[in-house]
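Colleague: This is the content of run-v5.tsv (TSV, C-alpha atoms):
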```tsv
chain	number	residue	atom	x	y	z
A	1	MET	CA	15.10	-13.55	18.16
A	2	THR	CA	17.94	-12.32	15.99
A	3	ARG	CA	16.63	-10.66	12.86
A	4	ARG	CA	18.16	-11.32	9.48
A	5	GLY	CA	19.74	-8.40	7.69
A	6	PRO	CA	18.33	-8.91	4.19
A	7	GLY	CA	20.45	-7.67	1.34
A	8	PRO	CA	23.71	-8.38	-0.49
A	9	GLU	CA	26.88	-9.04	1.44
A	10	GLN	CA	28.77	-5.85	2.04
A	11	GLY	CA	32.51	-5.43	2.15
A	12	PRO	CA	34.26	-3.16	4.60
A	13	GLY	CA	34.19	0.60	4.29
A	14	PRO	CA	32.92	2.79	1.43
A	15	ALA	CA	33.95	0.28	-1.26
A	16	ALA	CA	30.86	-1.86	-0.55
A	17	VAL	CA	29.05	-2.79	-3.76
A	18	PRO	CA	25.75	-0.89	-4.12
A	19	TRP	CA	22.52	-2.82	-4.46
A	20	GLU	CA	21.64	-3.78	-8.01
A	21	ARG	CA	18.02	-3.75	-9.09
A	22	ILE	CA	16.40	-7.16	-8.71
A	23	ALA	CA	15.37	-8.77	-12.00
A	24	VAL	CA	12.41	-11.18	-11.98
A	25	GLY	CA	12.29	-13.19	-15.18
A	26	THR	CA	12.90	-10.92	-18.18
A	27	PRO	CA	13.70	-7.45	-16.81
A	28	GLY	CA	12.42	-4.21	-18.22
A	29	ILE	CA	14.59	-1.63	-19.98
A	30	GLU	CA	16.94	0.25	-17.65
A	31	PHE	CA	17.12	4.04	-17.89
A	32	GLU	CA	17.72	7.04	-15.66
A	33	PRO	CA	14.34	8.26	-14.33
A	34	ARG	CA	13.12	11.71	-15.30
A	35	PRO	CA	12.03	14.10	-12.54
A	36	PRO	CA	8.28	14.59	-12.15
A	37	ARG	CA	7.04	17.81	-13.69
A	38	GLN	CA	6.22	20.66	-11.34
A	39	PRO	CA	4.31	21.10	-9.12
A	40	ALA	CA	4.76	17.40	-8.27
A	41	TYR	CA	8.09	17.88	-6.46
A	42	ASP	CA	6.40	16.97	-3.16
A	43	PHE	CA	5.81	13.37	-4.28
A	44	PRO	CA	9.16	11.56	-4.11
A	45	ASP	CA	10.10	8.68	-6.38
A	46	THR	CA	10.34	6.30	-3.41
A	47	GLU	CA	9.32	6.35	0.24
A	48	CYS	CA	9.35	3.77	3.00
A	49	ASP	CA	8.79	3.45	6.73
A	50	GLY	CA	8.86	0.80	9.42
A	51	TRP	CA	8.49	0.34	13.16
A	52	SER	CA	7.29	-2.15	15.76
A	53	THR	CA	5.06	-2.20	18.81
A	54	ASP	CA	5.10	-4.90	21.48
A	55	GLU	CA	2.59	-6.91	19.43
A	56	LEU	CA	3.09	-5.93	15.78
A	57	ALA	CA	5.77	-5.09	13.22
A	58	VAL	CA	4.88	-2.70	10.39
A	59	ARG	CA	6.70	-1.98	7.13
A	60	PHE	CA	5.59	-0.16	4.01
A	61	ALA	CA	7.18	1.09	0.83
A	62	SER	CA	5.97	2.87	-2.28
A	63	VAL	CA	7.98	3.21	-5.50
A	64	ARG	CA	7.37	5.01	-8.78
A	65	GLY	CA	6.80	2.71	-11.72
A	66	ALA	CA	8.89	2.63	-14.88
A	67	LYS	CA	6.17	4.28	-16.98
A	68	HIS	CA	5.94	7.32	-14.71
A	69	ARG	CA	9.74	7.49	-14.37
A	70	TYR	CA	10.15	7.52	-18.15
A	71	TYR	CA	7.49	10.14	-18.86
A	72	GLY	CA	8.35	12.38	-15.91
A	73	ARG	CA	5.10	11.86	-14.01
A	74	PRO	CA	4.85	11.59	-10.21
A	75	ARG	CA	4.17	8.43	-8.23
A	76	GLN	CA	0.40	8.15	-7.82
A	77	ASP	CA	0.37	5.58	-5.00
A	78	ALA	CA	0.40	6.38	-1.29
A	79	ALA	CA	0.50	4.55	2.04
A	80	ARG	CA	0.34	5.58	5.67
A	81	ALA	CA	0.24	3.77	9.03
A	82	ALA	CA	-0.10	5.00	12.60
A	83	LEU	CA	-0.26	3.63	16.12
A	84	HIS	CA	-3.36	4.33	18.21
A	85	GLN	CA	-1.51	4.59	21.50
A	86	PRO	CA	-4.45	4.12	23.93
A	87	THR	CA	-5.28	0.68	22.48
A	88	GLY	CA	-2.07	-0.40	20.76
A	89	ALA	CA	-4.00	-0.82	17.49
A	90	VAL	CA	-2.32	-0.07	14.17
A	91	ALA	CA	-4.36	1.88	11.62
A	92	PHE	CA	-3.34	1.88	7.97
A	93	ALA	CA	-4.36	3.15	4.54
A	94	VAL	CA	-3.10	2.38	1.03
A	95	ALA	CA	-4.31	4.24	-2.06
A	96	ASP	CA	-3.73	4.11	-5.81
A	97	GLY	CA	-4.60	7.30	-7.64
A	98	VAL	CA	-6.53	6.56	-10.84
A	99	SER	CA	-4.31	7.38	-13.82
A	100	ALA	CA	-7.09	9.22	-15.67
A	101	ALA	CA	-7.38	11.78	-12.84
A	102	THR	CA	-5.36	14.93	-13.46
A	103	SER	CA	-3.96	15.08	-9.89
A	104	ALA	CA	-4.15	11.43	-8.93
A	105	GLU	CA	-1.07	11.67	-6.72
A	106	LEU	CA	-2.76	14.26	-4.51
A	107	GLY	CA	-5.98	12.28	-4.37
A	108	ALA	CA	-4.12	9.19	-3.14
A	109	ILE	CA	-2.21	10.92	-0.35
A	110	GLU	CA	-5.20	12.99	0.81
A	111	ALA	CA	-7.41	9.89	0.93
A	112	CYS	CA	-4.81	8.08	3.07
A	113	ARG	CA	-4.39	11.01	5.44
A	114	ALA	CA	-8.13	11.54	5.84
A	115	ALA	CA	-8.89	7.84	6.34
A	116	LEU	CA	-6.16	7.47	8.93
A	117	ALA	CA	-7.19	10.60	10.84
A	118	ARG	CA	-10.84	9.53	10.94
A	119	THR	CA	-10.00	5.96	11.97
A	120	LEU	CA	-7.84	7.14	14.87
A	121	HIS	CA	-10.65	9.46	15.98
A	122	LEU	CA	-13.19	6.63	15.88
A	123	LEU	CA	-10.88	4.31	17.83
A	124	SER	CA	-10.71	6.93	20.57
A	125	ALA	CA	-14.46	7.50	20.55
A	126	SER	CA	-15.62	3.89	20.59
A	127	PRO	CA	-14.03	0.49	21.25
A	128	GLY	CA	-16.35	-1.31	18.83
A	129	PRO	CA	-15.85	-2.21	15.15
A	130	VAL	CA	-14.69	0.62	12.92
A	131	ASP	CA	-17.47	2.43	11.07
A	132	PHE	CA	-15.92	2.08	7.62
A	133	PRO	CA	-18.71	3.88	5.74
A	134	ASP	CA	-18.00	6.87	8.00
A	135	VAL	CA	-14.26	6.62	7.25
A	136	ALA	CA	-14.91	6.41	3.52
A	137	ARG	CA	-17.32	9.36	3.58
A	138	HIS	CA	-14.75	11.40	5.48
A	139	ALA	CA	-12.10	10.63	2.85
A	140	ALA	CA	-14.56	11.54	0.08
A	141	ARG	CA	-15.38	14.82	1.84
A	142	ARG	CA	-11.68	15.60	1.99
A	143	LEU	CA	-11.33	15.10	-1.76
A	144	ARG	CA	-14.31	17.41	-2.32
A	145	GLN	CA	-12.76	20.00	-0.01
A	146	VAL	CA	-9.46	19.93	-1.92
A	147	ALA	CA	-11.37	20.17	-5.21
A	148	ARG	CA	-13.29	23.17	-3.87
A	149	TRP	CA	-10.03	24.98	-3.13
A	150	ARG	CA	-8.66	23.99	-6.54
A	151	LEU	CA	-11.76	25.36	-8.31
A	152	GLY	CA	-11.76	28.66	-6.44
A	153	GLY	CA	-14.49	28.02	-3.91
A	154	GLY	CA	-17.32	26.64	-6.01
A	155	GLU	CA	-19.03	23.43	-4.89
A	156	PRO	CA	-17.75	20.69	-7.22
A	157	ASP	CA	-19.98	17.88	-8.43
A	158	PRO	CA	-18.78	14.27	-7.98
A	159	ALA	CA	-17.62	14.03	-11.60
A	160	GLU	CA	-15.37	17.07	-11.16
A	161	VAL	CA	-13.87	15.63	-7.96
A	162	ALA	CA	-13.25	12.31	-9.69
A	163	ARG	CA	-11.71	14.03	-12.70
A	164	LEU	CA	-9.16	15.66	-10.39
A	165	TYR	CA	-8.56	13.20	-7.54
A	166	ALA	CA	-10.12	9.76	-8.13
A	167	THR	CA	-8.33	7.08	-6.10
A	168	THR	CA	-8.73	3.56	-4.75
A	169	LEU	CA	-8.45	3.02	-1.00
A	170	VAL	CA	-7.82	0.08	1.31
A	171	THR	CA	-7.96	1.07	4.96
A	172	GLY	CA	-8.32	-0.70	8.27
A	173	VAL	CA	-7.03	-1.56	11.72
A	174	VAL	CA	-5.05	-4.36	13.35
A	175	HIS	CA	-6.24	-4.77	16.94
A	176	PRO	CA	-4.00	-6.54	19.49
A	177	ASP	CA	-5.75	-9.48	21.15
A	178	PRO	CA	-4.55	-12.25	23.47
A	179	ALA	CA	-5.87	-14.85	21.01
A	180	GLY	CA	-4.09	-13.18	18.09
A	181	PRO	CA	-4.36	-9.76	16.43
A	182	VAL	CA	-7.69	-9.07	14.72
A	183	VAL	CA	-7.68	-7.30	11.35
A	184	GLU	CA	-10.70	-5.39	10.06
A	185	LEU	CA	-10.45	-3.60	6.74
A	186	CYS	CA	-12.41	-2.30	3.79
A	187	ARG	CA	-11.65	-1.35	0.21
A	188	ILE	CA	-12.95	0.97	-2.48
A	189	GLY	CA	-11.67	0.18	-5.96
A	190	ASP	CA	-9.37	-2.64	-6.96
A	191	SER	CA	-6.32	-2.51	-4.68
A	192	GLY	CA	-5.69	-5.79	-2.89
A	193	ALA	CA	-5.14	-7.46	0.46
A	194	TRP	CA	-3.69	-10.88	1.22
A	195	LEU	CA	-2.66	-13.15	4.04
A	196	LEU	CA	0.79	-14.61	3.50
A	197	ASP	CA	1.21	-18.08	4.99
A	198	LEU	CA	4.81	-17.61	6.10
A	199	PRO	CA	5.91	-21.27	6.52
A	200	HIS	CA	4.46	-22.33	3.15
A	201	GLY	CA	4.81	-19.12	1.09
A	202	ARG	CA	1.17	-19.13	0.01
A	203	TYR	CA	-1.00	-16.07	-0.57
A	204	HIS	CA	-4.68	-15.98	0.37
A	205	PRO	CA	-6.61	-12.98	-1.06
A	206	LEU	CA	-8.94	-11.21	1.35
A	207	PHE	CA	-10.96	-9.65	-1.48
A	208	ASP	CA	-12.11	-11.03	-4.81
A	209	PRO	CA	-9.25	-10.94	-7.34
A	210	LYS	CA	-9.38	-8.74	-10.43
A	211	SER	CA	-9.49	-11.77	-12.74
A	212	ALA	CA	-11.02	-15.23	-12.53
A	213	ALA	CA	-8.77	-18.13	-11.60
A	214	GLY	CA	-6.88	-19.33	-14.66
A	215	SER	CA	-7.91	-16.34	-16.77
A	216	PRO	CA	-5.12	-14.47	-18.65
A	217	LEU	CA	-7.18	-11.27	-18.53
A	218	ILE	CA	-6.92	-8.62	-15.81
A	219	GLY	CA	-10.00	-6.52	-15.11
A	220	THR	CA	-9.64	-2.75	-15.38
A	221	GLU	CA	-13.06	-1.49	-14.25
A	222	VAL	CA	-12.70	0.56	-11.06
A	223	THR	CA	-15.24	2.48	-8.97
A	224	PRO	CA	-12.98	4.71	-6.86
A	225	LEU	CA	-13.39	7.51	-4.36
A	226	PRO	CA	-15.08	10.01	-4.20
A	227	THR	CA	-17.80	7.39	-4.83
A	228	VAL	CA	-18.64	5.55	-1.59
A	229	PRO	CA	-20.32	2.22	-2.38
A	230	ASP	CA	-23.26	0.94	-0.37
A	231	PRO	CA	-22.59	-1.53	1.04
A	232	ILE	CA	-18.87	-0.99	1.36
A	233	GLU	CA	-16.65	-4.03	0.74
A	234	ARG	CA	-15.16	-5.13	4.07
A	235	THR	CA	-13.76	-8.19	5.83
A	236	SER	CA	-12.06	-9.26	9.04
A	237	VAL	CA	-9.58	-11.97	9.97
A	238	ARG	CA	-7.40	-13.07	12.88
A	239	LEU	CA	-3.62	-13.21	12.51
A	240	THR	CA	-1.37	-15.90	13.93
A	241	PRO	CA	2.45	-15.94	14.15
A	242	GLN	CA	2.39	-17.89	10.87
A	243	LEU	CA	0.42	-15.21	8.96
A	244	ALA	CA	1.37	-11.74	7.75
A	245	LEU	CA	-1.09	-9.16	6.41
A	246	LEU	CA	-0.24	-7.62	3.03
A	247	ILE	CA	-1.98	-4.57	1.53
A	248	GLY	CA	-0.91	-3.59	-1.97
A	249	THR	CA	-1.84	-1.58	-5.03
A	250	ASP	CA	-2.25	-3.33	-8.36
A	251	GLY	CA	1.34	-2.45	-9.25
A	252	PHE	CA	2.18	-5.20	-6.76
A	253	GLY	CA	-0.94	-7.33	-7.12
A	254	ASP	CA	-0.82	-7.72	-10.93
A	255	PRO	CA	2.69	-9.23	-11.12
A	256	LEU	CA	1.96	-11.25	-7.96
A	257	GLY	CA	-1.06	-12.92	-9.57
A	258	ASP	CA	-2.05	-15.97	-7.53
A	259	GLY	CA	1.35	-15.96	-5.83
A	260	ASP	CA	2.61	-19.17	-7.45
A	261	GLY	CA	5.13	-17.49	-9.76
A	262	ARG	CA	8.52	-15.87	-9.40
A	263	VAL	CA	7.23	-12.66	-7.84
A	264	GLY	CA	5.32	-14.60	-5.21
A	265	ALA	CA	8.39	-16.69	-4.38
A	266	LEU	CA	10.59	-13.59	-4.14
A	267	PHE	CA	8.32	-11.86	-1.64
A	268	ALA	CA	7.44	-14.99	0.34
A	269	ASP	CA	11.14	-15.52	1.01
A	270	ALA	CA	11.93	-11.87	1.75
A	271	LEU	CA	8.91	-11.35	4.03
A	272	ALA	CA	9.46	-14.45	6.17
A	273	GLU	CA	10.63	-11.94	8.78
A	274	PRO	CA	10.29	-8.13	8.77
A	275	PRO	CA	13.04	-6.68	6.55
A	276	THR	CA	14.44	-3.19	6.93
A	277	PRO	CA	12.22	-0.55	5.32
A	278	LEU	CA	14.94	0.29	2.82
A	279	TRP	CA	15.25	-3.33	1.77
A	280	LEU	CA	11.48	-3.60	1.30
A	281	ALA	CA	11.60	-0.55	-1.00
A	282	HIS	CA	14.51	-2.08	-2.94
A	283	LEU	CA	12.66	-5.38	-3.22
A	284	LEU	CA	9.48	-3.68	-4.40
A	285	ASP	CA	11.45	-1.93	-7.15
A	286	PHE	CA	12.11	-5.22	-8.92
A	287	SER	CA	12.34	-5.14	-12.70
A	288	ARG	CA	10.06	-7.34	-14.79
A	289	GLU	CA	9.11	-6.83	-18.41
A	290	THR	CA	5.64	-5.28	-19.04
A	291	PHE	CA	4.98	-4.48	-15.35
A	292	ASP	CA	5.62	-0.74	-15.17
A	293	ASP	CA	2.99	0.61	-12.74
A	294	ASP	CA	3.67	2.31	-9.40
A	295	ARG	CA	3.99	-0.26	-6.61
A	296	THR	CA	3.01	0.06	-2.97
A	297	LEU	CA	3.04	-2.62	-0.29
A	298	LEU	CA	2.23	-2.43	3.43
A	299	VAL	CA	2.92	-5.48	5.62
A	300	VAL	CA	1.98	-6.23	9.24
A	301	TRP	CA	3.47	-9.17	11.16
A	302	PRO	CA	2.32	-10.32	14.61
A	303	HIS	CA	5.13	-10.89	17.10
A	304	ALA	CA	5.34	-14.40	18.52
A	305	ALA	CA	4.89	-14.61	22.29
A	306	GLY	CA	8.20	-14.07	24.08
A	307	GLU	CA	9.95	-12.87	20.93
A	308	GLU	CA	12.87	-10.51	21.52
A	309	ARG	CA	12.71	-7.09	19.82
```
Can you turn what I pasted into structure tokens?
Modeller:
Amino acid sequence: MTRRGPGPEQGPGPAAVPWERIAVGTPGIEFEPRPPRQPAYDFPDTECDGWSTDELAVRFASVRGAKHRYYGRPRQDAARAALHQPTGAVAFAVADGVSAATSAELGAIEACRAALARTLHLLSASPGPVDFPDVARHAARRLRQVARWRLGGGEPDPAEVARLYATTLVTGVVHPDPAGPVVELCRIGDSGAWLLDLPHGRYHPLFDPKSAAGSPLIGTEVTPLPTVPDPIERTSVRLTPQLALLIGTDGFGDPLGDGDGRVGALFADALAEPPTPLWLAHLLDFSRETFDDDRTLLVVWPHAAGEER
């Protein structure tokens, strides 16, 4: 199959017109972003990645929101994905550092790294379902370990860890299967996961939404890591060639809503096939009035049988 090259038409040579920021409805105010204050230089404004296996295509992007760009704060979202080579499974993690935490950006990236490392270890140790409580406890231990270093070696209590590094987490695995890839995932906090019905452009949430259907209010209560709920919220689903898996922070989920608006239409069209990672990052950086949070989105598509790559 020949892939589309999403993006504006380009003229020849260096005179090609650069991409303009995508406006959805009434755009926000445009300004030149301020650099994040030190020592946050290790958390770039934008990052993206993408690759494919024989069975799955993976893309993710994370962009700093307008509020953090204006006030010179770092991006507090993170995402990571990795291939478990012995099985062909794709492990992933998406985190949204809680804004009240003093080093939320570090909490998000450490939670992703720890969850991914533990998941890959468990996939190698056992072919069965992932032990998500174990993964979550491992991520929580990592946050406590980082807090211990930060506090000079003393054993921090949970409130101190949360004050420094509280973060949401959605993590899971996509397992190749002859009948269609099987997704198993869990979440802590309020980040979201959806199935996108590619032919019809409809979004089906895999976890309860933050607000009731038809309600104009968005819930803000979050119970993040280092707290590990019991039981942990988890689900599983099988993908088909007509379904893509989306994992996103609320910077994406809030403007998406139920998917019936302009943001939903924009992404349903752009994600009909895997775009380039750079285009996904550009798309995710859309401008819409009042939506100024960091945005992160990870997408997994199953390859159709016999599809050229």
Colleague: What's the separation between atom CA of A:Gly153 and atom CA of A:Phe43, in Å to one decimal place?
Modeller: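 So the answer is 25.0 Å.
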Colleague: For stretch 237-239 of chain A, list every protein, DNA or RNA residue within 6 Å, evaluated using only C-alpha atoms, and leave out those in the same chain fewer than 6 positions away; present the list as a VMD selection string.
Modeller: chain A and resid 180 to 183
Colleague: Show which residues sit within 8 Å of A:Gly72, as a VMD selection string. Count only C-alpha atoms, and ignore same-chain residues fewer than 5 positions away.
Modeller: chain A and resid 33 to 37
Colleague: Nearest to A:Val170 among A:Asp157, A:Glu289, A:Asp49, A:Asp77, with distances taken over all atoms listed in the file: which residue is it?
Modeller: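 Going through A:Asp157, A:Glu289, A:Asp49, A:Asp77 one by one, the smallest distance to A:Val170 is for A:Asp77.
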Colleague: I need the residue nearest A:Trp51 from this list: A:Leu83, A:Ala101, A:Arg141, A:Leu256. Use all atoms listed in the file for the distance.
Modeller: A:Leu83
Colleague: Rank nothing, just name the residue among A:Gln242, A:Ser236, A:Thr276, A:Thr171 nearest to A:Asp134, using all atoms listed in the file.
Modeller: A:Thr171
Colleague: Could you check how far atom CA of A:Ala281 sits from atom CA of A:Cys48, in Å to one decimal?
Modeller: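 Going from atom CA of A:Ala281 over to atom CA of A:Cys48 covers 6.3 Å.
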Colleague: Give me, as a PyMOL selection string, all polymer residues having an atom no more than 12 Å from A:Gly50, counting only C-alpha atoms and skipping those fewer than 4 positions away in the same chain.
Modeller: chain A and resi 56-61+79-83+274-281+297-301
Colleague: Take the residues from that selection and put them in a file with C-alpha atoms, as a JSON list (two decimals), in the coordinates of the input.
Modeller:
```json
[["chain", "number", "residue", "atom", "x", "y", "z"],
["A", 56, "LEU", "CA", 3.09, -5.93, 15.78],
["A", 57, "ALA", "CA", 5.77, -5.09, 13.22],
["A", 58, "VAL", "CA", 4.88, -2.70, 10.39],
["A", 59, "ARG", "CA", 6.70, -1.98, 7.13],
["A", 60, "PHE", "CA", 5.59, -0.16, 4.01],
["A", 61, "ALA", "CA", 7.18, 1.09, 0.83],
["A", 79, "ALA", "CA", 0.50, 4.55, 2.04],
["A", 80, "ARG", "CA", 0.34, 5.58, 5.67],
["A", 81, "ALA", "CA", 0.24, 3.77, 9.03],
["A", 82, "ALA", "CA", -0.10, 5.00, 12.60],
["A", 83, "LEU", "CA", -0.26, 3.63, 16.12],
["A", 274, "PRO", "CA", 10.29, -8.13, 8.77],
["A", 275, "PRO", "CA", 13.04, -6.68, 6.55],
["A", 276, "THR", "CA", 14.44, -3.19, 6.93],
["A", 277, "PRO", "CA", 12.22, -0.55, 5.32],
["A", 278, "LEU", "CA", 14.94, 0.29, 2.82],
["A", 279, "TRP", "CA", 15.25, -3.33, 1.77],
["A", 280, "LEU", "CA", 11.48, -3.60, 1.30],
["A", 281, "ALA", "CA", 11.60, -0.55, -1.00],
["A", 297, "LEU", "CA", 3.04, -2.62, -0.29],
["A", 298, "LEU", "CA", 2.23, -2.43, 3.43],
["A", 299, "VAL", "CA", 2.92, -5.48, 5.62],
["A", 300, "VAL", "CA", 1.98, -6.23, 9.24],
["A", 301, "TRP", "CA", 3.47, -9.17, 11.16]]
```
Colleague: Every residue with an atom at most 10 Å from (-21.7, 1.9, 0.3) (file coordinates; all atoms listed in the file) is what I'm after, so could you write them as number ranges by chain?
Modeller: A: 132-134, 136-137, 188, 227-233
Colleague: Give me the residues within 9 Å of A:Val130 as a short mmCIF file (atom, residue, chain, number, x, y, z; two decimals) with C-alpha atoms, keeping the file's coordinate frame, counting only C-alpha atoms and dropping any in the same chain fewer than 4 places off.
Modeller:
```
data_model
loop_
_atom_site.label_atom_id
_atom_site.label_comp_id
_atom_site.auth_asym_id
_atom_site.auth_seq_id
_atom_site.Cartn_x
_atom_site.Cartn_y
_atom_site.Cartn_z
CA THR A 119 -10.00 5.96 11.97
CA LEU A 122 -13.19 6.63 15.88
CA LEU A 123 -10.88 4.31 17.83
CA SER A 126 -15.62 3.89 20.59
CA ASP A 134 -18.00 6.87 8.00
CA VAL A 135 -14.26 6.62 7.25
CA GLY A 172 -8.32 -0.70 8.27
CA VAL A 173 -7.03 -1.56 11.72
CA GLU A 184 -10.70 -5.39 10.06
CA LEU A 185 -10.45 -3.60 6.74
#
```
Colleague: Please report the interatomic distance between atom CA of A:Ala104 and atom CA of A:Gln76 in Å with one decimal.
Modeller: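 Atom CA of A:Gln76 lies at a distance of 5.7 Å from atom CA of A:Ala104.
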Colleague: Within 12 Å of (-8.9, 21.1, -3.5) in the file's own coordinates, which protein, DNA or RNA residues have an atom, counting all atoms listed in the file? List them as a ChimeraX atom specification.
Modeller: /A:103,106-107,110,140-156,160-165
Colleague: Using only C-alpha atoms, which of the listed residues (A:Asp177, A:Asp131, A:Glu30, A:Asp96) sits closest to A:Arg288?
Modeller: A:Glu30
Colleague: Which of these residues is nearest to A:Gly253, using all atoms listed in the file: A:Pro74, A:Pro205, A:Pro86, A:Pro226?
Modeller: A:Pro205
Colleague: Return the single residue from A:Pro44, A:Pro224, A:Gly257, A:Gly88 that is closest to A:Pro158, with distances computed using all atoms listed in the file.
Modeller: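 So, comparing all the options, the nearest one is A:Pro224.
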